[in-house]
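This report refers to the structure that appears directly beneath it.
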Amino acid sequence: MKKFLITALSILLVFLIASATYIYVLLDQLENNSLADYADSSDLSDFSDSSDSQEEVPSNDKDLGISETAPKTSKTGVINILLFGLDSRVENSISRSDTIMIATIDKKNQVIKLTSLMRDMYVPIPGRDKNRINTAYIFGGPSLAIKTVNTNFDLDIRHYVTVDFFGLEKIIDQVGGVTIDVKKQEIPYINSCIQELNSLNKNTKPAPLLKNPGPQTLNGRQAVAYARVRKVGNGDFERTERQRRVLVELFKKIKTINPLKLPGLVSTMLPYVETNLSKTEILSLGISVLGFKNKDIIQYRLPVDGTYESKRIDGMAVLVPDLEKNKVLLHDFIYGDSVNDEVADANSSGA
């Protein structure tokens, strides 16, 4: 019996190593934007020191809008990654970032947090006038978008992941759809979006319209349509809730997938994702997250209620946030005791 167990464990170990190696090779399919002008990995010591990360990790703090006061990953153990969803009407085209989220991976407390940044927040765009925050991506791609978030909220963000709605649809389909509790009043607007997406994807099978409210499994196109709805409920505020809900359900689905199917899933997903995370960093983060004891994703949104004014500027309906208040509240949500621990450590070392 003991010999059998040793043999079985050996086979399992060989399989896991082979799968990890295969996934590592598959990651070559990833569309990588190295942000080659920035290259210092000093604050990503939690990541591997593999040679493939040297061009992909941003370095010039000033160019990325990272201040000396921004909490550093090396001190807090918290890694923030910007997630961009592009509302492209044509596949692979550049557009405004319709969805902006900060994905927070807190290794110390083993928790994932997700913060939506309202696309209509009216903020300073470095090198340009004030504008909606979602315009930064079209003005200067992920580099300027990262810099905009860092400078306005005093963060240390160096990495991003971008997917457009065409890619998100395909990724959701690969995991078998996501479970969403659809409200009755949402159905007409979801169906309107489905019809628009069907017309934009004439070479694919049209997605069926929704008929009934309640919990149900939405395919990729239906889920994307659900995430785009903003003409029902509390406008764009409720839409950010829908977007986070879709990502949370997608993450739950991925975590339940049979490990034997992961290489195939990775192979299918990667062509639709752009990032400056290296292959080693992706594997390292993936392994960490899958091992977290806390399986829930904690959610947040900026601007926080009571910290902004709705205005019309230059013909645009915008949200003008109190940046200082939102920065403090965001830091409290993301870092919590991590920042306090960092300060305590610094004080004790200097005593």
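Here, A, B, ... name the chains of the structure tokens in the order displayed, residue numbers run from 1 inside each chain, and ligands are numbered from 1 in the same displayed order.
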Tell me, as a PDB file with C-alpha atoms, in the first residue's frame, which residues lie within 8 Å of Lys327 of chain A, counting only C-alpha atoms; anything in the same chain fewer than 6 positions away does not count.
```
ATOM      1  CA  ASN A 152      -4.723  60.953  -8.192  1.00  0.00           C
ATOM      2  CA  PHE A 153      -4.860  58.295  -5.482  1.00  0.00           C
ATOM      3  CA  ASP A 154      -1.197  58.014  -4.399  1.00  0.00           C
TER       4      ASP A 154
END
```
| message | Report as number ranges by chain all protein, DNA and RNA residues lying within 12 Å of segment 126-138 of chain A, evaluated on only C-alpha atoms, omitting residues in the same chain fewer than 3 positions from it. | response | A: 62-65, 82-88, 93-101, 116-123, 141-152, 160, 162, 302-303, 311-321
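Of the listed residues (A:Thr280, A:Val175, A:Thr217, A:Thr73), A:Val175 comes nearest to Asn258 of chain A; the distances count only C-alpha atoms.
Comparing A:Pro213, A:Pro188, A:Pro208, A:Gly286 by their smallest distance to Arg230 of chain A, the closest is A:Pro188 (using only C-alpha atoms).
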| request: Using DSSP on the backbone coordinates, identify the residues of segment 67-283 of chain A assigned to strand (DSSP E or B); present them as a ChimeraX atom specification. | output: /A:78-86,97-106,111-117,121-124,130-132,159-164,178-182,214-218,274-275
Which neighbours of Gly233 of chain A fall inside 9 Å, counting only C-alpha atoms, when residues of the same chain fewer than 6 positions from it are skipped, and could you give them as an mmCIF file with N, CA, C and O atoms, in the first residue's frame?
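Final output, saved to result.cif:
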```cif
data_model
loop_
_atom_site.group_PDB
_atom_site.id
_atom_site.type_symbol
_atom_site.label_atom_id
_atom_site.label_comp_id
_atom_site.auth_asym_id
_atom_site.auth_seq_id
_atom_site.Cartn_x
_atom_site.Cartn_y
_atom_site.Cartn_z
ATOM 1 N N GLN A 185 -36.634 44.043 -14.256
ATOM 2 C CA GLN A 185 -36.524 45.320 -14.949
ATOM 3 C C GLN A 185 -35.258 45.431 -15.801
ATOM 4 O O GLN A 185 -35.144 46.326 -16.639
ATOM 5 N N GLU A 186 -34.314 44.528 -15.580
ATOM 6 C CA GLU A 186 -33.071 44.563 -16.362
ATOM 7 C C GLU A 186 -33.210 43.878 -17.714
ATOM 8 O O GLU A 186 -32.447 44.174 -18.653
ATOM 9 N N ARG A 239 -24.165 49.861 -12.727
ATOM 10 C CA ARG A 239 -23.446 49.111 -13.758
ATOM 11 C C ARG A 239 -22.097 48.619 -13.226
ATOM 12 O O ARG A 239 -21.682 47.497 -13.545
#
```
| said: When you count only C-alpha atoms, which of these residues is closest to Leu114 of chain A: A:Ile171, A:Ile66, A:Leu330, A:Ile287? | reply: A:Leu330
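What separates atom CA of Ala227 of chain A from atom CA of Leu155 of chain A is a distance of 26.8 Å.
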| Counting only C-alpha atoms, the option among A:Gln243, A:Thr268, A:Thr69, A:Ser199 closest to Lys170 of chain A | A:Thr268
| remark: re atom CA of Cys193 of chain A and atom CA of Pro215 of chain A: distance 19.0 Å
| request: DSSP on the backbone, then: every residue of segment 148-249 of chain A marked helix (DSSP H, G or I), written as JSON, numbers by chain. | output: {"A": [148, 149, 150, 151, 152, 153, 165, 166, 167, 168, 169, 170, 171, 172, 173, 174, 184, 185, 186, 187, 188, 189, 190, 191, 192, 193, 194, 195, 196, 197, 198, 199, 200, 220, 221, 222, 223, 224, 225, 226, 227, 228, 235, 236, 237, 238, 239, 240, 241, 242, 243, 244, 245, 246, 247, 248, 249]}
Excluding Lys107 of chain A and its own-chain neighbours fewer than 3 positions away, which residues fall within 9 Å of it when counting only C-alpha atoms? Please give them as a short mmCIF file (atom, residue, chain, number, x, y, z; two decimals) with N, CA and C atoms, in the first residue's frame.
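The resulting file, around27.cif, is shown below:
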```
data_model
loop_
_atom_site.label_atom_id
_atom_site.label_comp_id
_atom_site.auth_asym_id
_atom_site.auth_seq_id
_atom_site.Cartn_x
_atom_site.Cartn_y
_atom_site.Cartn_z
N GLY A 77 3.07 44.03 1.32
CA GLY A 77 2.66 42.70 0.87
C GLY A 77 1.40 42.73 0.03
N VAL A 78 0.99 43.94 -0.35
CA VAL A 78 -0.22 44.13 -1.15
C VAL A 78 0.16 44.48 -2.59
N ILE A 79 -0.38 43.74 -3.52
CA ILE A 79 -0.11 43.97 -4.94
C ILE A 79 -1.38 44.48 -5.61
N GLN A 110 -4.34 37.05 2.85
CA GLN A 110 -4.91 36.07 1.93
C GLN A 110 -6.32 36.46 1.48
N VAL A 111 -6.41 37.64 0.89
CA VAL A 111 -7.71 38.13 0.45
C VAL A 111 -7.55 38.88 -0.86
N ILE A 112 -8.61 38.85 -1.67
CA ILE A 112 -8.66 39.60 -2.92
C ILE A 112 -9.71 40.69 -2.78
N SER A 288 -0.61 31.71 -5.69
CA SER A 288 -0.92 32.35 -4.41
C SER A 288 -2.42 32.48 -4.21
N VAL A 289 -3.10 33.00 -5.23
CA VAL A 289 -4.54 33.26 -5.11
C VAL A 289 -5.32 31.98 -4.92
N PHE A 292 -5.40 30.91 -1.32
CA PHE A 292 -5.97 31.78 -0.28
C PHE A 292 -7.09 31.05 0.46
#
```
| Which is closer to Thr256 of chain A than all the others in A:Leu290, A:Tyr272, A:Leu210, A:Ala225, using only C-alpha atoms? | A:Leu290
What's the 8 Å shell around Arg245 of chain A, counting only C-alpha atoms, without same-chain residues fewer than 4 positions away, as a PDB file with all heavy atoms, in the first residue's frame?
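Listed below is the output, out34.pdb:
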```
ATOM      1  N   ILE A 180     -25.883  34.465 -12.753  1.00  0.00           N
ATOM      2  CA  ILE A 180     -26.280  35.820 -12.389  1.00  0.00           C
ATOM      3  C   ILE A 180     -27.761  35.827 -12.021  1.00  0.00           C
ATOM      4  O   ILE A 180     -28.579  35.206 -12.705  1.00  0.00           O
ATOM      5  CB  ILE A 180     -26.044  36.813 -13.552  1.00  0.00           C
ATOM      6  CG1 ILE A 180     -24.559  36.849 -13.930  1.00  0.00           C
ATOM      7  CG2 ILE A 180     -26.558  38.198 -13.195  1.00  0.00           C
ATOM      8  CD1 ILE A 180     -23.653  37.445 -12.879  1.00  0.00           C
ATOM      9  N   GLU A 241     -21.503  47.714 -10.283  1.00  0.00           N
ATOM     10  CA  GLU A 241     -21.826  46.547  -9.464  1.00  0.00           C
ATOM     11  C   GLU A 241     -21.986  45.318 -10.350  1.00  0.00           C
ATOM     12  O   GLU A 241     -21.520  44.221 -10.011  1.00  0.00           O
ATOM     13  CB  GLU A 241     -23.112  46.790  -8.681  1.00  0.00           C
ATOM     14  CG  GLU A 241     -23.013  47.879  -7.617  1.00  0.00           C
ATOM     15  CD  GLU A 241     -24.348  48.124  -6.930  1.00  0.00           C
ATOM     16  OE1 GLU A 241     -25.254  47.272  -7.067  1.00  0.00           O
ATOM     17  OE2 GLU A 241     -24.493  49.164  -6.263  1.00  0.00           O
ATOM     18  N   GLU A 249     -18.106  36.157 -10.303  1.00  0.00           N
ATOM     19  CA  GLU A 249     -18.661  34.858 -10.699  1.00  0.00           C
ATOM     20  C   GLU A 249     -17.718  34.124 -11.657  1.00  0.00           C
ATOM     21  O   GLU A 249     -17.607  32.891 -11.600  1.00  0.00           O
ATOM     22  CB  GLU A 249     -20.036  35.048 -11.354  1.00  0.00           C
ATOM     23  CG  GLU A 249     -21.113  35.529 -10.395  1.00  0.00           C
ATOM     24  CD  GLU A 249     -21.302  34.605  -9.207  1.00  0.00           C
ATOM     25  OE1 GLU A 249     -21.297  33.373  -9.399  1.00  0.00           O
ATOM     26  OE2 GLU A 249     -21.428  35.118  -8.072  1.00  0.00           O
TER      27      GLU A 249
END
```
